[in-house]
>>> print(open('final_14.cif').read())   # mmCIF, C-alpha atoms
data_data
#
loop_
_atom_site.label_atom_id
_atom_site.label_comp_id
_atom_site.auth_asym_id
_atom_site.auth_seq_id
_atom_site.Cartn_x
_atom_site.Cartn_y
_atom_site.Cartn_z
CA MET F 228 135.30 91.13 84.15
CA ARG F 229 136.64 90.81 80.58
CA ASN F 230 136.99 87.02 80.90
CA ARG F 231 133.37 86.45 81.89
CA ASP F 232 130.50 85.97 79.47
CA GLY F 233 127.19 87.77 79.81
CA TRP F 234 125.60 85.17 82.07
CA ARG F 235 128.51 85.26 84.51
CA LEU F 236 128.46 89.05 84.53
CA LEU F 237 124.83 88.85 85.67
CA ALA F 238 125.50 86.09 88.16
CA GLU F 239 128.84 87.18 89.57
CA GLY F 240 129.31 90.91 88.96
CA ARG F 241 129.72 93.28 91.89
CA ALA F 242 128.01 96.66 92.25
CA VAL F 243 128.90 99.32 94.84
CA ALA F 244 126.86 102.38 95.83
CA THR F 245 129.26 105.29 95.57
CA GLY F 246 127.22 108.48 95.87
CA VAL F 247 123.91 110.34 95.93
CA ARG F 248 123.51 113.47 93.82
CA ARG F 249 120.93 115.35 91.82
CA ALA F 250 120.29 113.75 88.45
CA GLY F 251 121.44 116.88 86.62
CA GLU F 252 124.89 116.32 88.15
CA VAL F 253 124.97 112.66 87.15
CA THR F 254 123.76 112.62 83.55
CA ASP F 255 123.54 115.18 80.75
CA ALA F 256 120.45 113.38 79.47
CA VAL F 257 118.25 115.55 81.71
CA GLY F 258 117.93 119.31 81.56
CA ALA F 259 115.44 122.13 81.28
CA ARG F 260 112.25 120.50 80.01
CA THR F 261 114.07 117.25 79.24
CA PHE F 262 113.05 114.47 81.63
CA LEU F 263 113.42 110.69 81.85
CA HIS F 264 110.67 108.12 82.29
CA ALA F 265 110.40 104.40 83.00
CA GLY F 266 110.03 101.75 80.34
CA PRO F 267 110.76 101.67 76.62
CA PRO F 268 110.46 104.88 74.55
CA LEU F 269 107.13 106.67 74.92
CA GLY F 270 105.66 109.50 72.89
CA GLN F 271 105.18 112.80 74.70
CA ASP F 272 101.47 112.76 73.90
CA ASP F 273 100.96 109.25 75.27
CA PRO F 274 101.96 109.04 78.97
CA PRO F 275 99.50 107.01 81.06
CA GLY F 276 97.68 108.74 83.92
CA PRO F 277 100.18 108.17 86.75
CA MET F 278 103.15 109.07 84.56
CA ARG F 279 101.40 112.23 83.43
CA GLY F 280 100.86 113.13 87.07
CA ALA F 281 104.54 112.57 87.83
CA LEU F 282 105.61 114.70 84.87
CA LEU F 283 103.35 117.54 86.01
CA GLY F 284 104.75 117.36 89.51
CA ALA F 285 108.31 117.36 88.20
CA LEU F 286 107.62 120.46 86.09
CA VAL F 287 106.42 122.30 89.19
CA LEU F 288 109.33 120.96 91.25
CA GLU F 289 111.79 122.26 88.66
CA GLY F 290 110.14 125.68 88.52
CA GLU F 291 109.24 125.15 84.87
CA ALA F 292 105.56 125.73 85.78
CA GLY F 293 103.97 127.69 88.60
CA ASP F 294 101.28 125.13 89.30
CA LEU F 295 99.86 121.85 88.01
CA ARG F 296 97.49 123.57 85.59
CA ALA F 297 100.32 125.48 83.97
CA ALA F 298 102.36 122.28 83.92
CA GLY F 299 99.55 120.51 82.08
CA GLU F 300 99.39 123.26 79.48
CA LEU F 301 103.16 123.03 78.98
CA LEU F 302 103.05 119.25 78.60
CA ASP F 303 100.11 119.37 76.20
CA SER F 304 101.83 122.02 74.07
CA GLY F 305 104.71 119.67 73.31
CA GLY F 306 107.16 121.64 75.41
CA LEU F 307 108.74 118.65 77.14
CA THR F 308 111.25 116.13 75.78
CA LEU F 309 110.95 112.60 77.18
CA LEU F 310 113.61 109.88 77.11
CA PRO F 311 113.72 106.42 78.72
CA CYS F 312 115.76 106.09 81.91
CA HIS F 313 117.51 103.05 80.42
CA SER F 314 118.89 105.11 77.54
CA ALA F 315 120.61 107.41 80.04
CA GLY F 316 122.12 104.69 82.21
CA GLY F 317 119.39 104.79 84.83
CA VAL F 318 116.27 103.03 86.07
CA GLY F 319 113.19 104.43 87.76
CA ALA F 320 110.48 102.73 89.79
CA MET F 321 106.87 102.96 88.54
CA ALA F 322 106.52 106.20 86.52
CA GLY F 323 110.29 106.57 86.79
CA VAL F 324 110.23 110.30 86.11
CA VAL F 325 113.67 111.86 86.57
CA SER F 326 114.23 115.61 86.27
CA PRO F 327 117.44 117.56 86.96
CA ALA F 328 116.62 118.05 90.67
CA THR F 329 115.75 114.39 91.31
CA PRO F 330 118.07 112.90 93.97
CA VAL F 331 119.53 109.66 92.65
CA VAL F 332 121.82 106.98 94.04
CA GLU F 333 124.85 106.16 91.90
CA VAL F 334 126.18 102.61 91.69
CA THR F 335 129.48 101.55 90.11
CA GLY F 336 130.29 98.17 88.61
CA GLU F 337 133.59 96.32 88.53
CA ASP F 338 134.40 97.64 85.06
CA GLY F 339 133.80 101.23 86.12
CA ARG F 340 130.42 101.64 84.41
CA THR F 341 127.79 103.41 86.48
CA ALA F 342 124.03 103.44 86.84
CA PHE F 343 121.56 105.47 88.86
CA ALA F 344 118.05 105.30 90.31
CA PRO F 345 115.91 107.91 92.09
CA LEU F 346 115.89 107.63 95.87
CA ASN F 347 112.69 106.00 97.06
CA GLU F 348 110.14 108.45 98.45
CA GLY F 349 108.35 105.98 100.71
CA LEU F 350 104.94 104.36 100.68
CA GLY F 351 101.57 106.00 100.05
CA GLU F 352 101.55 109.32 98.23
CA ALA F 353 104.60 109.53 95.98
CA LEU F 354 105.56 111.12 92.67
CA ARG F 355 106.40 107.71 91.21
CA PHE F 356 102.71 106.75 91.58
CA GLY F 357 101.56 110.05 90.05
CA SER F 358 100.76 111.88 93.30
CA THR F 359 101.55 115.59 93.08
CA ASN F 360 100.19 117.34 96.16
CA GLY F 361 102.15 119.78 98.31
CA ARG F 362 103.32 117.10 100.73
CA VAL F 363 104.87 115.07 97.92
CA LEU F 364 106.71 118.05 96.44
CA ALA F 365 107.88 119.29 99.86
CA ARG F 366 109.29 115.86 100.65
CA LEU F 367 111.13 115.74 97.32
CA ARG F 368 112.66 119.17 97.97
CA TRP F 369 113.85 118.00 101.40
CA MET F 370 115.28 114.86 99.84
CA GLY F 371 117.26 116.93 97.36
CA ASP F 372 118.37 119.65 99.76
CA VAL F 373 119.07 117.63 102.93
CA LEU F 374 118.91 113.88 102.48
CA ALA F 375 120.99 113.58 99.32
CA PRO F 376 124.02 115.60 100.53
CA VAL F 377 124.14 113.69 103.81
CA LEU F 378 123.88 110.29 102.10
CA ASP F 379 126.49 111.29 99.53
CA ALA F 380 128.95 112.30 102.22
CA ALA F 381 128.20 109.18 104.25
CA LEU F 382 128.76 106.84 101.29
CA LYS F 383 131.98 108.56 100.36
CA SER F 384 133.28 108.41 103.95
CA GLU F 385 132.64 104.66 103.87
CA GLY F 386 134.34 104.19 100.53
CA GLY F 387 131.05 102.94 99.10
CA VAL F 388 128.76 100.09 100.08
CA ASP F 389 128.64 96.73 98.28
CA ILE F 390 124.99 96.45 97.23
CA THR F 391 125.28 92.98 95.73
CA ALA F 392 126.48 91.73 99.12
CA LEU F 393 123.48 93.36 100.83
CA GLN F 394 121.14 91.80 98.25
CA ALA F 395 122.56 88.37 99.04
CA GLU F 396 122.18 88.98 102.77
CA GLY F 397 118.65 90.28 102.22
CA LEU F 398 117.61 86.96 100.67
CA ARG F 399 118.98 85.14 103.71
CA ARG F 400 116.84 87.39 105.94
CA GLY F 401 113.53 87.09 104.11
CA ASP F 402 113.66 89.72 101.34
CA GLU F 403 113.49 89.23 97.59
CA CYS F 404 114.95 92.73 96.99
CA HIS F 405 112.18 94.01 94.73
CA ASN F 406 108.85 94.34 96.51
CA ARG F 407 110.21 93.29 99.91
CA ASN F 408 113.30 95.16 101.12
CA VAL F 409 112.74 95.25 104.88
CA ALA F 410 115.88 93.39 105.94
CA ALA F 411 118.13 94.91 103.29
CA THR F 412 116.93 98.40 104.23
CA ALA F 413 117.71 97.72 107.89
CA ALA F 414 121.16 96.44 106.98
CA LEU F 415 121.88 99.48 104.80
CA VAL F 416 120.73 101.91 107.48
CA ALA F 417 122.82 100.12 110.12
CA ARG F 418 125.86 100.27 107.85
CA LEU F 419 125.47 103.99 107.14
CA ALA F 420 124.18 105.23 110.51
CA PRO F 421 127.58 106.01 112.12
CA ALA F 422 128.71 107.86 109.00
CA VAL F 423 125.41 109.78 108.79
CA VAL F 424 125.91 110.96 112.37
CA ARG F 425 129.48 112.02 111.65
CA VAL F 426 128.80 113.93 108.42
CA SER F 427 125.49 115.60 109.29
CA PRO F 428 125.65 119.31 110.15
CA ASP F 429 123.77 118.75 113.41
CA ALA F 430 122.03 116.08 115.47
CA ASP F 431 118.55 117.03 114.29
CA THR F 432 119.54 116.54 110.66
CA ALA F 433 121.12 113.17 111.40
CA ALA F 434 118.01 112.08 113.27
CA ALA F 435 115.71 113.22 110.46
CA VAL F 436 117.77 111.40 107.81
CA LEU F 437 117.93 108.16 109.77
CA GLU F 438 114.25 108.36 110.69
CA PHE F 439 113.31 108.76 107.03
CA LEU F 440 115.54 105.92 105.82
CA ALA F 441 114.55 103.49 108.56
CA GLY F 442 110.85 104.40 108.32
CA ASN F 443 110.65 103.50 104.62
CA PRO F 444 110.76 99.73 104.03
CA HIS F 445 111.58 100.40 100.36
CA THR F 446 114.66 102.57 100.97
CA PHE F 447 116.84 99.78 99.59
CA LEU F 448 114.85 99.41 96.35
CA ALA F 449 116.64 102.27 94.56
CA PHE F 450 120.01 100.77 95.50
CA SER F 451 118.88 97.31 94.39
CA MET F 452 117.59 98.57 91.04
CA ALA F 453 120.70 100.60 90.26
CA ALA F 454 122.94 97.64 91.09
CA ALA F 455 120.89 95.39 88.82
CA LYS F 456 121.11 97.97 86.03
CA VAL F 457 124.92 97.98 86.25
CA LEU F 458 125.00 94.19 85.95
CA GLY F 459 122.46 94.12 83.12
CA ASP F 460 124.37 96.70 81.11
CA ALA F 461 127.63 94.80 81.60
CA ALA F 462 125.99 91.60 80.34
CA HIS F 463 124.42 93.42 77.40
CA GLY F 464 127.84 94.58 76.27
CA ALA F 465 129.41 91.11 76.43
CA HIS F 466 130.37 90.35 72.82
CA ASP F 467 130.36 86.57 73.28
CA THR F 468 126.79 86.36 74.55
CA ARG F 469 123.59 86.30 72.51
CA GLY F 470 119.96 85.87 73.47
CA LEU F 471 120.31 86.86 77.13
CA VAL F 472 117.64 89.20 78.47
CA THR F 473 119.44 92.17 80.00
CA ALA F 474 116.49 94.47 80.81
CA MET F 475 112.72 94.23 81.19
CA CYS F 476 110.54 97.27 81.80
CA ALA F 477 107.18 98.87 81.04
CA ASN F 478 105.75 102.38 80.71
CA GLY F 479 102.04 101.75 81.30
CA ARG F 480 101.47 101.42 77.56
CA THR F 481 104.12 98.98 76.35
CA LEU F 482 106.40 96.35 77.81
CA GLY F 483 109.94 96.18 76.48
CA LEU F 484 112.96 93.86 76.50
CA ARG F 485 116.62 94.40 75.77
CA VAL F 486 118.48 91.31 74.59
CA SER F 487 122.22 90.78 74.19
CA GLY F 488 123.44 90.32 70.66
CA VAL F 489 120.82 92.53 69.02
CA ASP F 490 119.98 96.22 69.23
CA GLY F 491 116.73 97.94 70.10
CA TRP F 492 113.64 97.22 72.17
CA PHE F 493 111.25 94.34 71.64
CA THR F 494 107.80 95.35 72.76
CA SER F 495 104.19 94.35 73.27
CA PRO F 496 101.23 95.95 75.06
CA ALA F 497 101.88 96.25 78.80
CA PRO F 498 99.98 93.59 80.78
CA VAL F 499 97.83 94.22 83.84
CA GLY F 500 98.39 90.84 85.46
CA GLU F 501 96.46 89.88 88.57
CA PRO F 502 97.04 92.61 91.15
CA LYS F 503 95.93 92.24 94.73
CA VAL F 504 94.19 95.58 95.07
CA PHE F 505 93.90 97.62 98.23
CA PRO F 506 90.47 98.06 99.91
CA GLY F 507 88.28 100.47 97.99
CA PHE F 508 89.79 99.69 94.56
CA THR F 509 89.17 97.17 91.80
CA VAL F 510 91.41 95.63 89.14
CA ALA F 511 89.83 98.02 86.65
CA ASP F 512 91.46 100.91 88.57
CA ALA F 513 94.99 99.59 87.93
CA CYS F 514 97.21 101.06 85.26
CA PRO F 515 98.94 98.36 83.15
CA ALA F 516 102.45 97.40 84.19
CA MET F 517 104.80 100.34 84.60
CA GLY F 518 108.36 100.80 85.82
CA ASP F 519 111.98 99.74 85.41
CA SER F 520 112.06 97.71 88.62
CA PHE F 521 111.74 94.45 86.66
CA ILE F 522 115.51 94.85 86.25
CA THR F 523 115.72 93.05 89.60
CA GLU F 524 114.13 89.92 88.11
CA THR F 525 116.65 90.17 85.27
CA VAL F 526 119.48 89.47 87.73
CA GLY F 527 117.70 86.72 89.70
CA LEU F 528 115.85 88.70 92.36
CA GLY F 529 112.21 89.70 92.82
CA ALA F 530 109.84 87.00 91.60
CA PHE F 531 112.84 84.84 90.72
CA ALA F 532 113.65 84.78 94.45
CA LEU F 533 110.06 84.64 95.67
CA THR F 534 110.60 81.62 97.93
CA ALA F 535 113.14 83.63 99.93
CA ALA F 536 110.37 86.01 101.07
CA PRO F 537 107.33 84.09 102.36
CA ALA F 538 106.03 87.19 104.15
CA ILE F 539 105.45 88.95 100.84
CA SER F 540 102.47 86.71 100.09
CA SER F 541 100.26 88.93 102.23
CA PHE F 542 101.18 91.90 100.04
CA ILE F 543 101.04 90.46 96.53
CA GLY F 544 98.72 87.50 97.08
CA GLY F 545 99.51 83.84 96.49
CA THR F 546 100.87 81.05 98.67
CA HIS F 547 104.25 79.55 99.44
CA ASP F 548 103.45 76.50 97.28
CA GLU F 549 102.61 78.78 94.37
CA ALA F 550 105.88 80.63 94.92
CA VAL F 551 107.81 77.36 94.83
CA ALA F 552 106.12 76.46 91.54
CA LEU F 553 106.84 79.89 90.04
CA VAL F 554 110.53 79.83 90.93
CA GLY F 555 110.77 76.27 89.61
CA ALA F 556 109.30 77.41 86.30
CA MET F 557 111.77 80.30 86.11
CA ARG F 558 114.62 77.80 86.39
CA ARG F 559 113.45 76.26 83.13
CA ILE F 560 114.03 79.50 81.19
CA CYS F 561 117.32 80.58 82.77
CA ARG F 562 120.88 79.59 81.91
CA GLY F 563 121.84 78.76 85.46
CA SER F 564 121.54 79.42 89.18
CA SER F 565 123.22 82.18 91.14
CA GLY F 566 126.17 81.26 93.29
CA ARG F 567 125.59 84.18 95.67
CA PHE F 568 121.82 84.85 95.74
CA LEU F 569 120.93 81.81 97.84
CA ILE F 570 117.48 80.85 99.13
CA PRO F 571 117.46 79.34 102.65
CA PHE F 572 113.96 77.87 102.17
CA ASP F 573 115.22 76.00 99.09
CA GLY F 574 118.20 74.32 100.71
CA PHE F 575 120.35 77.38 99.97
CA ARG F 576 119.99 76.78 96.26
CA GLY F 577 120.81 79.80 94.10
CA THR F 578 118.09 81.82 92.43
CA PRO F 579 117.54 81.25 88.69
CA VAL F 580 119.42 83.86 86.67
CA GLY F 581 120.03 84.57 83.00
CA ILE F 582 116.70 84.59 81.15
CA ASP F 583 117.31 82.96 77.75
CA VAL F 584 115.11 84.09 74.85
CA GLY F 585 115.45 80.69 73.17
CA LEU F 586 114.37 78.82 76.29
CA VAL F 587 111.36 81.11 76.73
CA CYS F 588 110.24 80.53 73.16
CA ARG F 589 110.81 76.77 73.21
CA THR F 590 109.05 76.16 76.52
CA GLY F 591 106.34 78.79 76.20
CA ILE F 592 107.14 79.81 79.80
CA THR F 593 107.50 83.56 80.19
CA PRO F 594 109.08 85.43 83.11
CA VAL F 595 107.00 86.59 86.04
CA VAL F 596 107.57 89.78 88.01
CA ASN F 597 106.11 90.99 91.29
CA ASN F 598 105.21 94.61 90.89
CA GLY F 599 103.21 97.48 92.28
CA PHE F 600 100.25 99.04 90.48
CA ALA F 601 99.31 102.71 90.27
CA HIS F 602 95.83 104.05 89.67
CA ARG F 603 95.02 104.70 86.03
CA GLU F 604 94.24 108.32 86.86
CA ALA F 605 96.89 110.89 87.73
CA GLY F 606 97.20 111.78 91.38
CA ARG F 607 95.42 108.74 92.81
CA GLY F 608 98.55 106.84 93.95
CA GLN F 609 99.10 103.13 94.42
CA VAL F 610 96.16 100.72 94.24
CA GLY F 611 97.84 97.38 94.83
CA ALA F 612 100.59 94.90 93.99
CA GLY F 613 100.81 91.43 92.55
CA ILE F 614 102.41 88.85 90.30
CA THR F 615 102.46 89.63 86.58
CA ARG F 616 103.34 87.14 83.88
CA LEU F 617 104.93 88.83 80.88
CA PRO F 618 103.55 88.23 77.37
CA ILE F 619 105.51 86.02 74.99
CA GLU F 620 105.32 88.38 71.99
CA PRO F 621 108.48 90.42 72.70
CA PHE F 622 110.47 87.22 73.26
CA LEU F 623 109.34 85.86 69.90
CA LYS F 624 110.30 89.15 68.24
CA ALA F 625 113.73 89.01 69.89
CA ARG F 626 114.23 85.40 68.79
CA ASP F 627 113.44 86.33 65.18
CA ALA F 628 115.75 89.36 65.29
CA LEU F 629 118.57 87.21 66.63
CA ALA F 630 118.04 84.75 63.80
CA VAL F 631 118.16 87.51 61.19
CA SER F 632 121.31 89.00 62.70
CA ALA F 633 122.94 85.56 62.59
CA GLY F 634 122.02 85.17 58.92
CA ASN F 635 119.33 82.57 59.60
CA PRO F 636 116.00 84.31 58.89
CA GLY F 637 112.82 82.25 59.12
#
>>> encode(input="final_14.cif", output="structure tokens")
Amino acid sequence: MRNRDGWRLLAEGRAVATGVRRAGEVTDAVGARTFLHAGPPLGQDDPPGPMRGALLGALVLEGEAGDLRAAGELLDSGGLTLLPCHSAGGVGAMAGVVSPATPVVEVTGEDGRTAFAPLNEGLGEALRFGSTNGRVLARLRWMGDVLAPVLDAALKSEGGVDITALQAEGLRRGDECHNRNVAATAALVARLAPAVVRVSPDADTAAAVLEFLAGNPHTFLAFSMAAAKVLGDAAHGAHDTRGLVTAMCANGRTLGLRVSGVDGWFTSPAPVGEPKVFPGFTVADACPAMGDSFITETVGLGAFALTAAPAISSFIGGTHDEAVALVGAMRRICRGSSGRFLIPFDGFRGTPVGIDVGLVCRTGITPVVNNGFAHREAGRGQVGAGITRLPIEPFLKARDALAVSAGNPG
């Protein structure tokens, strides 16, 4: 690890899932009335609708409020401290709200650094989309009380599971490991199933755990995001690398970048993109981009591997030819191609990896991500998904900051 520069850490690093625990056992960044959220830093009085819904639900889940009304009063009174997931070594899909009871998967990199991401709740109504009804909270309690301990024991009995290897296999089987995780989820469940049966307290529990994991096509997403976070953080800390994008995320208000060689977040207003909305909704219903899941694009997955997953076109819109063009454009702003994330439909060529701020600014080509969209209003859930092109402003800001830090302002 120490002999590899930032790009090679992104392209070659290994990440292993090692456990599943409650967030309060994994990081001291969460606690009573101190929660995490997706994206760059956000003021407590400024969460967008779906994030506000998730925060209210988390307050009830934690017993900090008796109901959603009381939770709203607590939030509005300034009684909650909010921090970005990224600042605590984690990533969260969509709203990304993490409270002490949130079950998270832990992933460990080759250098021993760790990262975490909340276990995926499934499609439809979910806290990450701002849904807060009784079904959502009951499912989260079951995930913390039953699912997490079983998965933790299963992972430990297996000595961990190499997530980067499953990501590579997922691309060979038609996933892009961001919005499409069908094959990688199946592979993960198959790998863990014998251990789940062995460590579960009874057959009914084992069946319930496996049914939940296999029935959620996004089970693998949390594992994929946490693995990408480990690689991004390793690249960010590489002292011989400058100008490499190591994280991209949004909070429904702002979009932010982290770039190696310079501290801080580089931000711009969060874009809406061109979501393919579900029946009954319009683009006007969609909250601007939100979530830490763009970390997958940072390591060469997601939209950067779009040609590996032709079936996703029906979900996010677009055609295979458009996907080919998008991936080709991403190659023009990356430092190289992955040697392990290979795309069968592209002659087993590696995905583009290593977004370079200088290349983005010189070409005017900005990264694209394929992301889900939540309703602008709390409690309404997901309204669609699509391809979103990121604005160039934060890349220009990062370029200028790099120049100043190198003693070459202007």
>>> closest_residue(input="final_14.cif", among="F:Glu604, F:Asp467, F:Asp431, F:Asp402", to="Pro537 of chain F", atoms="all atoms listed in the file")
F:Asp402
>>> closest_residue(input="final_14.cif", among="F:Ala477, F:Asn597, F:Asp512, F:Asp490", to="Phe531 of chain F", atoms="only C-alpha atoms")
F:Asn597
>>> closest_residue(input="final_14.cif", among="F:Gly258, F:Gly470, F:Gly491, F:Pro376", to="Val584 of chain F", atoms="only C-alpha atoms")
F:Gly470
>>> closest_residue(input="final_14.cif", among="F:Val551, F:Ala392, F:Leu237, F:Val287", to="Leu302 of chain F", atoms="all atoms listed in the file")
F:Val287
>>> closest_residue(input="final_14.cif", among="F:Val318, F:Ala605, F:Ala395, F:Ile619", to="Gly280 of chain F", atoms="all atoms listed in the file")
F:Ala605
>>> closest_atom_pairs(input="final_14.cif", of="segment 251-293 of chain F", to="segment 341-350 of chain F", cutoff="12 Å", atoms="all atoms listed in the file", output="Markdown table")
| residue | atom | partner | partner_atom | distance |
| --- | --- | --- | --- | --- |
| F:Gly251 | CA | F:Phe343 | CA | 11.6 |
| F:Glu252 | CA | F:Phe343 | CA | 11.4 |
| F:Val253 | CA | F:Phe343 | CA | 8.1 |
| F:Thr254 | CA | F:Phe343 | CA | 9.2 |
| F:Leu263 | CA | F:Pro345 | CA | 10.9 |
| F:His264 | CA | F:Pro345 | CA | 11.1 |
| F:Ala265 | CA | F:Ala344 | CA | 10.6 |
>>> resolve_selection(input="final_14.cif", expression="the PyMOL selection byres ((chain F and resi 386) around 12)", output="PDB file with C-alpha atoms, keeping the file's coordinate frame")
ATOM      1  CA  VAL F 243     128.900  99.320  94.840  1.00  0.00           C
ATOM      2  CA  ALA F 244     126.860 102.380  95.830  1.00  0.00           C
ATOM      3  CA  THR F 245     129.260 105.290  95.570  1.00  0.00           C
ATOM      4  CA  GLY F 246     127.220 108.480  95.870  1.00  0.00           C
ATOM      5  CA  THR F 335     129.480 101.550  90.110  1.00  0.00           C
ATOM      6  CA  ASP F 379     126.490 111.290  99.530  1.00  0.00           C
ATOM      7  CA  ALA F 380     128.950 112.300 102.220  1.00  0.00           C
ATOM      8  CA  ALA F 381     128.200 109.180 104.250  1.00  0.00           C
ATOM      9  CA  LEU F 382     128.760 106.840 101.290  1.00  0.00           C
ATOM     10  CA  LYS F 383     131.980 108.560 100.360  1.00  0.00           C
ATOM     11  CA  SER F 384     133.280 108.410 103.950  1.00  0.00           C
ATOM     12  CA  GLU F 385     132.640 104.660 103.870  1.00  0.00           C
ATOM     13  CA  GLY F 387     131.050 102.940  99.100  1.00  0.00           C
ATOM     14  CA  VAL F 388     128.760 100.090 100.080  1.00  0.00           C
ATOM     15  CA  ASP F 389     128.640  96.730  98.280  1.00  0.00           C
ATOM     16  CA  ARG F 418     125.860 100.270 107.850  1.00  0.00           C
ATOM     17  CA  LEU F 419     125.470 103.990 107.140  1.00  0.00           C
ATOM     18  CA  ALA F 422     128.710 107.860 109.000  1.00  0.00           C
TER      19      ALA F 422
END
>>> resolve_selection(input="final_14.cif", expression="the PyMOL selection byres ((chain F and resi 451) around 10)", output="list in words")
Ala242, Ala244, Val334, Ala344, Ile390, Thr391, Leu393, Gln394, Cys404, His405, Asn408, Ala411, His445, Thr446, Phe447, Leu448, Ala449, Phe450, Met452, Ala453, Ala454, Ala455, Lys456, Ser520, Ile522, Thr523 and Leu528 of chain F
>>> write_last_selection(input="final_14.cif", atoms="C-alpha atoms", output="mmCIF file, in the coordinates of the input")
data_model
loop_
_atom_site.group_PDB
_atom_site.id
_atom_site.type_symbol
_atom_site.label_atom_id
_atom_site.label_comp_id
_atom_site.auth_asym_id
_atom_site.auth_seq_id
_atom_site.Cartn_x
_atom_site.Cartn_y
_atom_site.Cartn_z
ATOM 1 C CA ALA F 242 128.010 96.660 92.250
ATOM 2 C CA ALA F 244 126.860 102.380 95.830
ATOM 3 C CA VAL F 334 126.180 102.610 91.690
ATOM 4 C CA ALA F 344 118.050 105.300 90.310
ATOM 5 C CA ILE F 390 124.990 96.450 97.230
ATOM 6 C CA THR F 391 125.280 92.980 95.730
ATOM 7 C CA LEU F 393 123.480 93.360 100.830
ATOM 8 C CA GLN F 394 121.140 91.800 98.250
ATOM 9 C CA CYS F 404 114.950 92.730 96.990
ATOM 10 C CA HIS F 405 112.180 94.010 94.730
ATOM 11 C CA ASN F 408 113.300 95.160 101.120
ATOM 12 C CA ALA F 411 118.130 94.910 103.290
ATOM 13 C CA HIS F 445 111.580 100.400 100.360
ATOM 14 C CA THR F 446 114.660 102.570 100.970
ATOM 15 C CA PHE F 447 116.840 99.780 99.590
ATOM 16 C CA LEU F 448 114.850 99.410 96.350
ATOM 17 C CA ALA F 449 116.640 102.270 94.560
ATOM 18 C CA PHE F 450 120.010 100.770 95.500
ATOM 19 C CA MET F 452 117.590 98.570 91.040
ATOM 20 C CA ALA F 453 120.700 100.600 90.260
ATOM 21 C CA ALA F 454 122.940 97.640 91.090
ATOM 22 C CA ALA F 455 120.890 95.390 88.820
ATOM 23 C CA LYS F 456 121.110 97.970 86.030
ATOM 24 C CA SER F 520 112.060 97.710 88.620
ATOM 25 C CA ILE F 522 115.510 94.850 86.250
ATOM 26 C CA THR F 523 115.720 93.050 89.600
ATOM 27 C CA LEU F 528 115.850 88.700 92.360
#
>>> closest_residue(input="final_14.cif", among="F:Ala430, F:Met557, F:Ala420, F:Leu623", to="Gly585 of chain F", atoms="all atoms listed in the file")
F:Leu623
>>> axis_aligned_box(input="final_14.cif", around="segment 523-532 of chain F", padding_each_side="3 Å", output="JSON")
{"center_x": 114.7, "center_y": 88.9, "center_z": 89.9, "size_x": 15.6, "size_y": 14.3, "size_z": 15.2}
>>> atom_distance(input="final_14.cif", atom1="atom CA of Ser326 of chain F", atom2="atom CA of Gly500 of chain F")
29.4 Å
>>> residues_near_point(input="final_14.cif", point="(96.3, 104.2, 83.2)", cutoff="9 Å", atoms="all atoms listed in the file", output="PyMOL selection string")
chain F and resi 274-278+479-480+512-515+601-605
>>> atom_distance(input="final_14.cif", atom1="atom CA of Glu501 of chain F", atom2="atom CA of Pro618 of chain F")
13.4 Å
>>> resolve_selection(input="final_14.cif", expression="the PyMOL selection byres ((chain F and resi 485) around 10)", output="VMD selection string")
chain F and resid 267 313 459 to 460 463 470 to 476 483 to 484 486 to 494 621 to 622 625
>>> atom_distance(input="final_14.cif", atom1="atom CA of Asp303 of chain F", atom2="atom CA of Met517 of chain F")
21.3 Å
>>> residues_around(input="final_14.cif", residues="Gly566 of chain F", least_positions_apart="5", cutoff="9 Å", atoms="all atoms listed in the file", output="count of residues only")
5
>>> decode(input="final_14.cif", residues="segment 464-471 of chain F", atoms="N, CA and C atoms", output="mmCIF file, in the first residue's frame")
data_model
loop_
_atom_site.group_PDB
_atom_site.id
_atom_site.type_symbol
_atom_site.label_atom_id
_atom_site.label_comp_id
_atom_site.auth_asym_id
_atom_site.auth_seq_id
_atom_site.Cartn_x
_atom_site.Cartn_y
_atom_site.Cartn_z
ATOM 1 N N GLY F 464 -5.265 10.229 1.313
ATOM 2 C CA GLY F 464 -4.128 10.369 2.207
ATOM 3 C C GLY F 464 -2.787 10.106 1.562
ATOM 4 N N ALA F 465 -2.775 9.834 0.257
ATOM 5 C CA ALA F 465 -1.508 9.574 -0.439
ATOM 6 C C ALA F 465 -0.772 10.900 -0.642
ATOM 7 N N HIS F 466 0.390 11.041 -0.044
ATOM 8 C CA HIS F 466 1.091 12.326 -0.034
ATOM 9 C C HIS F 466 1.675 12.692 -1.395
ATOM 10 N N ASP F 467 1.820 11.724 -2.289
ATOM 11 C CA ASP F 467 2.440 12.014 -3.579
ATOM 12 C C ASP F 467 1.399 12.212 -4.679
ATOM 13 N N THR F 468 0.156 12.427 -4.296
ATOM 14 C CA THR F 468 -0.903 12.585 -5.289
ATOM 15 C C THR F 468 -1.646 13.887 -5.041
ATOM 16 N N ARG F 469 -1.861 14.653 -6.112
ATOM 17 C CA ARG F 469 -2.611 15.892 -6.032
ATOM 18 C C ARG F 469 -3.643 15.934 -7.157
ATOM 19 N N GLY F 470 -4.789 16.536 -6.859
ATOM 20 C CA GLY F 470 -5.780 16.761 -7.899
ATOM 21 C C GLY F 470 -6.638 15.578 -8.252
ATOM 22 N N LEU F 471 -6.620 14.532 -7.419
ATOM 23 C CA LEU F 471 -7.440 13.348 -7.653
ATOM 24 C C LEU F 471 -8.714 13.454 -6.829
#
